[in-house]
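Read through the structure below, which is laid out as structure tokens, and then see the notes.
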Amino acid sequence: MLLVFTPAFAGTLSDATGLVNRFDIETDGYVFEIITTSNFDVQEIEFDKEQKQISLHLVSSLENNLGEIIIPRNLLSGNFTFYLNDQEFYPKIKSSERIAFITFNFTGSGKNTLDVIATNYLEDADKLNGTKNDGNVTGEDNSSLEGGGCLIATATFDSELAPQVQQLRELRDHKLLQTKHGSDFMKAFNNFYYSFSPQVADMERENSLFKETVKIVITPLLVSLSLMNNVNMDSETEVLGIGASMILLNIGMYFAAPALIAVRLCKR
């Protein structure tokens with residue numbers, strides 16, 4: 001059985017900005033969401049549950065193409081095989097209990113087809129949220145339940161594919177979310193962060209001066225967080241210690257240092 005789905009959301013493609021597409025896949029009474037981010041257009045997705053296969057139809061006007069795919073593991077899991085235009089293809093894939101995160105690049109403009117074939121379909125379906133037709137089981141929910149998206153950084157650097165955004169994603173997914181304390185921190189942080197980040201991101205898109213100001217302000221924070229990607233955080237104790245150090249470092253940079261400078265200027 002072959003099912004064809006068009007994007008639930010799509011934007012306008014540009015050379016500088018990653019285009020996010022959200023595709024709803026309905027199968028066996030469940031609704032799943034596949035999310036792609038790329039510098040080319042993903043026009044549609046075909047899903048074949050019998051073959052455990054997703055086919056992405058791509059159109060690019062660029063020579064160098066970069067993309068990401070998030071697939072809920074409740075939909076497809078196990079070992080993945082990839083074909084680009086019927087030729088076996090070897091992208092990078094990282095998996096957690098909730099998602100398969102695939103990054104790939106290829107050269108050449110025009111139309112292309114990427115086939116993603118898995119070995120398991122609807123694995124652990126009994127663990128899906130609710131019962132059939134009870135709601136969506138989305139790639140975004142699975143990936144951002146604890147992690148979320150880097151809205152401000154994405155708006156600041158124009159793309160979810162920007163190195164600065166990738167750095168934050170790596171820190172979140174491969175460091176913090178690997179421990180209980182890190183996961184608890186991300187849950188608490190998201191409750192705070194998403195209370196204001198959508199509004200800030202919108203203001204950045206509307207005001208280039210504000211966007212540049214935000215870039216200057218968050219750059220020291222990004223530099224300090226980059227240090228965490230280069231240290232081991234394999235235990236709960238290491239996460240607590242390094243996390244506390246980073247908090248103190250940023251408090252010093254953003255509050256203590258400016259206050260000290262202000263006091264000295266006032267004394268002159």
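If you're wondering about the labels, chains in the structure tokens are A, B, ... by order shown, residues count from 1 in each chain, ligands from 1 in order shown.
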With only C-alpha atoms as the counted atoms, please give the residues lying no more than 10 Å from A:Leu240, apart from itself and same-chain residues fewer than 5 positions off, as a list of chain:residue names.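 Non-adjacent residues within range: A:His181, A:Gly182, A:Phe185, A:Met233, A:Ser235, A:Ser245, A:Met246.
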Can you pull out the residues contacting stretch 153-162 of chain A? Cut-off 9 Å, using only C-alpha atoms, and skip same-chain residues under 6 positions away; I want them as number ranges by chain. A: 16-20, 37-39, 66-68, 168, 200-202, 204-205, 211-212, 214-215, 218
Residues as selected, N, CA and C atoms, written as a PDB file, in the first residue's frame, can you do that?
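Generated output (result_35.pdb):
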```
ATOM      1  N   ALA A  16      20.360  30.982   2.159  1.00  0.00           N
ATOM      2  CA  ALA A  16      20.940  31.148   3.489  1.00  0.00           C
ATOM      3  C   ALA A  16      20.134  30.457   4.589  1.00  0.00           C
ATOM      4  N   THR A  17      18.867  30.201   4.357  1.00  0.00           N
ATOM      5  CA  THR A  17      18.005  29.748   5.437  1.00  0.00           C
ATOM      6  C   THR A  17      17.596  28.300   5.247  1.00  0.00           C
ATOM      7  N   GLY A  18      17.677  27.509   6.322  1.00  0.00           N
ATOM      8  CA  GLY A  18      17.191  26.145   6.285  1.00  0.00           C
ATOM      9  C   GLY A  18      15.681  26.124   6.169  1.00  0.00           C
ATOM     10  N   LEU A  19      15.161  25.331   5.281  1.00  0.00           N
ATOM     11  CA  LEU A  19      13.724  25.223   5.078  1.00  0.00           C
ATOM     12  C   LEU A  19      13.198  24.056   5.900  1.00  0.00           C
ATOM     13  N   VAL A  20      12.238  24.324   6.778  1.00  0.00           N
ATOM     14  CA  VAL A  20      11.649  23.298   7.624  1.00  0.00           C
ATOM     15  C   VAL A  20      10.335  22.832   7.015  1.00  0.00           C
ATOM     16  N   THR A  37      14.747  19.441   7.678  1.00  0.00           N
ATOM     17  CA  THR A  37      15.351  20.770   7.611  1.00  0.00           C
ATOM     18  C   THR A  37      16.443  20.709   6.561  1.00  0.00           C
ATOM     19  N   SER A  38      16.415  21.620   5.601  1.00  0.00           N
ATOM     20  CA  SER A  38      17.350  21.506   4.477  1.00  0.00           C
ATOM     21  C   SER A  38      17.511  22.842   3.776  1.00  0.00           C
ATOM     22  N   ASN A  39      18.542  22.928   2.928  1.00  0.00           N
ATOM     23  CA  ASN A  39      18.689  24.107   2.085  1.00  0.00           C
ATOM     24  C   ASN A  39      18.165  23.840   0.673  1.00  0.00           C
ATOM     25  N   LEU A  66      22.485  20.172   1.853  1.00  0.00           N
ATOM     26  CA  LEU A  66      22.591  19.645   3.210  1.00  0.00           C
ATOM     27  C   LEU A  66      21.196  19.521   3.799  1.00  0.00           C
ATOM     28  N   GLY A  67      20.923  18.402   4.459  1.00  0.00           N
ATOM     29  CA  GLY A  67      19.592  18.203   5.024  1.00  0.00           C
ATOM     30  C   GLY A  67      19.609  17.362   6.280  1.00  0.00           C
ATOM     31  N   GLU A  68      18.516  17.443   7.040  1.00  0.00           N
ATOM     32  CA  GLU A  68      18.306  16.645   8.237  1.00  0.00           C
ATOM     33  C   GLU A  68      16.900  16.060   8.190  1.00  0.00           C
ATOM     34  N   LEU A 168      24.552  23.667  19.773  1.00  0.00           N
ATOM     35  CA  LEU A 168      23.594  23.602  20.874  1.00  0.00           C
ATOM     36  C   LEU A 168      22.827  22.282  20.854  1.00  0.00           C
ATOM     37  N   VAL A 200      10.848  36.589  20.994  1.00  0.00           N
ATOM     38  CA  VAL A 200      12.169  37.140  20.675  1.00  0.00           C
ATOM     39  C   VAL A 200      12.564  36.778  19.246  1.00  0.00           C
ATOM     40  N   ALA A 201      12.327  35.521  18.851  1.00  0.00           N
ATOM     41  CA  ALA A 201      12.662  35.073  17.497  1.00  0.00           C
ATOM     42  C   ALA A 201      11.888  35.869  16.448  1.00  0.00           C
ATOM     43  N   ASP A 202      10.613  36.128  16.706  1.00  0.00           N
ATOM     44  CA  ASP A 202       9.805  36.923  15.768  1.00  0.00           C
ATOM     45  C   ASP A 202      10.341  38.344  15.652  1.00  0.00           C
ATOM     46  N   GLU A 204      13.400  39.287  16.062  1.00  0.00           N
ATOM     47  CA  GLU A 204      14.647  39.242  15.303  1.00  0.00           C
ATOM     48  C   GLU A 204      14.383  39.229  13.809  1.00  0.00           C
ATOM     49  N   ARG A 205      13.371  38.479  13.392  1.00  0.00           N
ATOM     50  CA  ARG A 205      13.057  38.395  11.962  1.00  0.00           C
ATOM     51  C   ARG A 205      12.531  39.721  11.424  1.00  0.00           C
ATOM     52  N   LYS A 211      18.247  41.915  15.852  1.00  0.00           N
ATOM     53  CA  LYS A 211      18.876  40.617  15.589  1.00  0.00           C
ATOM     54  C   LYS A 211      20.384  40.677  15.818  1.00  0.00           C
ATOM     55  N   GLU A 212      21.041  41.719  15.331  1.00  0.00           N
ATOM     56  CA  GLU A 212      22.483  41.856  15.525  1.00  0.00           C
ATOM     57  C   GLU A 212      22.824  42.068  16.996  1.00  0.00           C
ATOM     58  N   VAL A 214      21.102  40.835  19.544  1.00  0.00           N
ATOM     59  CA  VAL A 214      20.975  39.520  20.172  1.00  0.00           C
ATOM     60  C   VAL A 214      22.196  38.662  19.867  1.00  0.00           C
ATOM     61  N   LYS A 215      22.698  38.745  18.640  1.00  0.00           N
ATOM     62  CA  LYS A 215      23.878  37.959  18.261  1.00  0.00           C
ATOM     63  C   LYS A 215      25.074  38.329  19.134  1.00  0.00           C
ATOM     64  N   ILE A 218      24.420  36.948  22.824  1.00  0.00           N
ATOM     65  CA  ILE A 218      24.472  35.505  23.096  1.00  0.00           C
ATOM     66  C   ILE A 218      25.801  34.866  22.701  1.00  0.00           C
TER      67      ILE A 218
END
```
Considering only C-alpha atoms, return as a ChimeraX atom specification whatever protein or nucleic-acid residues lie within 8 Å of stretch 100-104 of chain A, sequence-local ones (same chain, fewer than 4 positions apart) excluded. /A:66-73,77,90-96
Based on the backbone DSSP call, show me all residues of stretch 50-266 of chain A assigned alpha helix (DSSP H), as a PyMOL selection string. chain A and resi 139-144+151-157+163-174+180-193+197-206+208-228+236-251+257-266
List the spatial neighbours of A:Leu56 as a list in words - criterion: any atom at most 9 Å away, only C-alpha atoms, same-chain residues fewer than 2 positions off excluded.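 Answer for this query is Val42, Gln43, Glu44, Ile45, Glu46, Phe47, Ile54, Leu58, Asn112, Thr113, Leu114, Asp115 and Val116 of chain A.
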With N, CA and C atoms retained, export the selected residues as an mmCIF file, in the first residue's frame.
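As written to disk, again_37.cif reads:
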```
data_model
loop_
_atom_site.group_PDB
_atom_site.id
_atom_site.type_symbol
_atom_site.label_atom_id
_atom_site.label_comp_id
_atom_site.auth_asym_id
_atom_site.auth_seq_id
_atom_site.Cartn_x
_atom_site.Cartn_y
_atom_site.Cartn_z
ATOM 1 N N VAL A 42 11.894 19.936 0.001
ATOM 2 C CA VAL A 42 11.331 18.583 0.039
ATOM 3 C C VAL A 42 9.867 18.721 -0.367
ATOM 4 N N GLN A 43 9.552 18.359 -1.598
ATOM 5 C CA GLN A 43 8.231 18.659 -2.139
ATOM 6 C C GLN A 43 7.141 17.752 -1.592
ATOM 7 N N GLU A 44 7.468 16.467 -1.402
ATOM 8 C CA GLU A 44 6.481 15.545 -0.845
ATOM 9 C C GLU A 44 7.169 14.294 -0.325
ATOM 10 N N ILE A 45 6.406 13.539 0.454
ATOM 11 C CA ILE A 45 6.886 12.266 0.992
ATOM 12 C C ILE A 45 5.907 11.170 0.605
ATOM 13 N N GLU A 46 6.449 10.041 0.196
ATOM 14 C CA GLU A 46 5.647 8.842 -0.018
ATOM 15 C C GLU A 46 6.012 7.830 1.069
ATOM 16 N N PHE A 47 5.002 7.201 1.650
ATOM 17 C CA PHE A 47 5.246 6.210 2.701
ATOM 18 C C PHE A 47 4.623 4.878 2.311
ATOM 19 N N ILE A 54 10.225 5.217 3.448
ATOM 20 C CA ILE A 54 9.848 6.612 3.199
ATOM 21 C C ILE A 54 10.642 7.103 2.006
ATOM 22 N N LEU A 58 12.971 15.507 -3.651
ATOM 23 C CA LEU A 58 13.738 16.712 -3.379
ATOM 24 C C LEU A 58 13.942 17.528 -4.651
ATOM 25 N N ASN A 112 15.706 15.049 -7.132
ATOM 26 C CA ASN A 112 16.321 13.859 -6.563
ATOM 27 C C ASN A 112 15.297 13.121 -5.710
ATOM 28 N N THR A 113 15.530 11.839 -5.515
ATOM 29 C CA THR A 113 14.673 11.033 -4.642
ATOM 30 C C THR A 113 15.543 10.319 -3.621
ATOM 31 N N LEU A 114 15.205 10.498 -2.343
ATOM 32 C CA LEU A 114 15.909 9.819 -1.265
ATOM 33 C C LEU A 114 14.969 8.785 -0.644
ATOM 34 N N ASP A 115 15.362 7.515 -0.680
ATOM 35 C CA ASP A 115 14.583 6.436 -0.079
ATOM 36 C C ASP A 115 15.207 6.036 1.248
ATOM 37 N N VAL A 116 14.383 5.958 2.279
ATOM 38 C CA VAL A 116 14.808 5.531 3.612
ATOM 39 C C VAL A 116 14.051 4.252 3.945
#
```
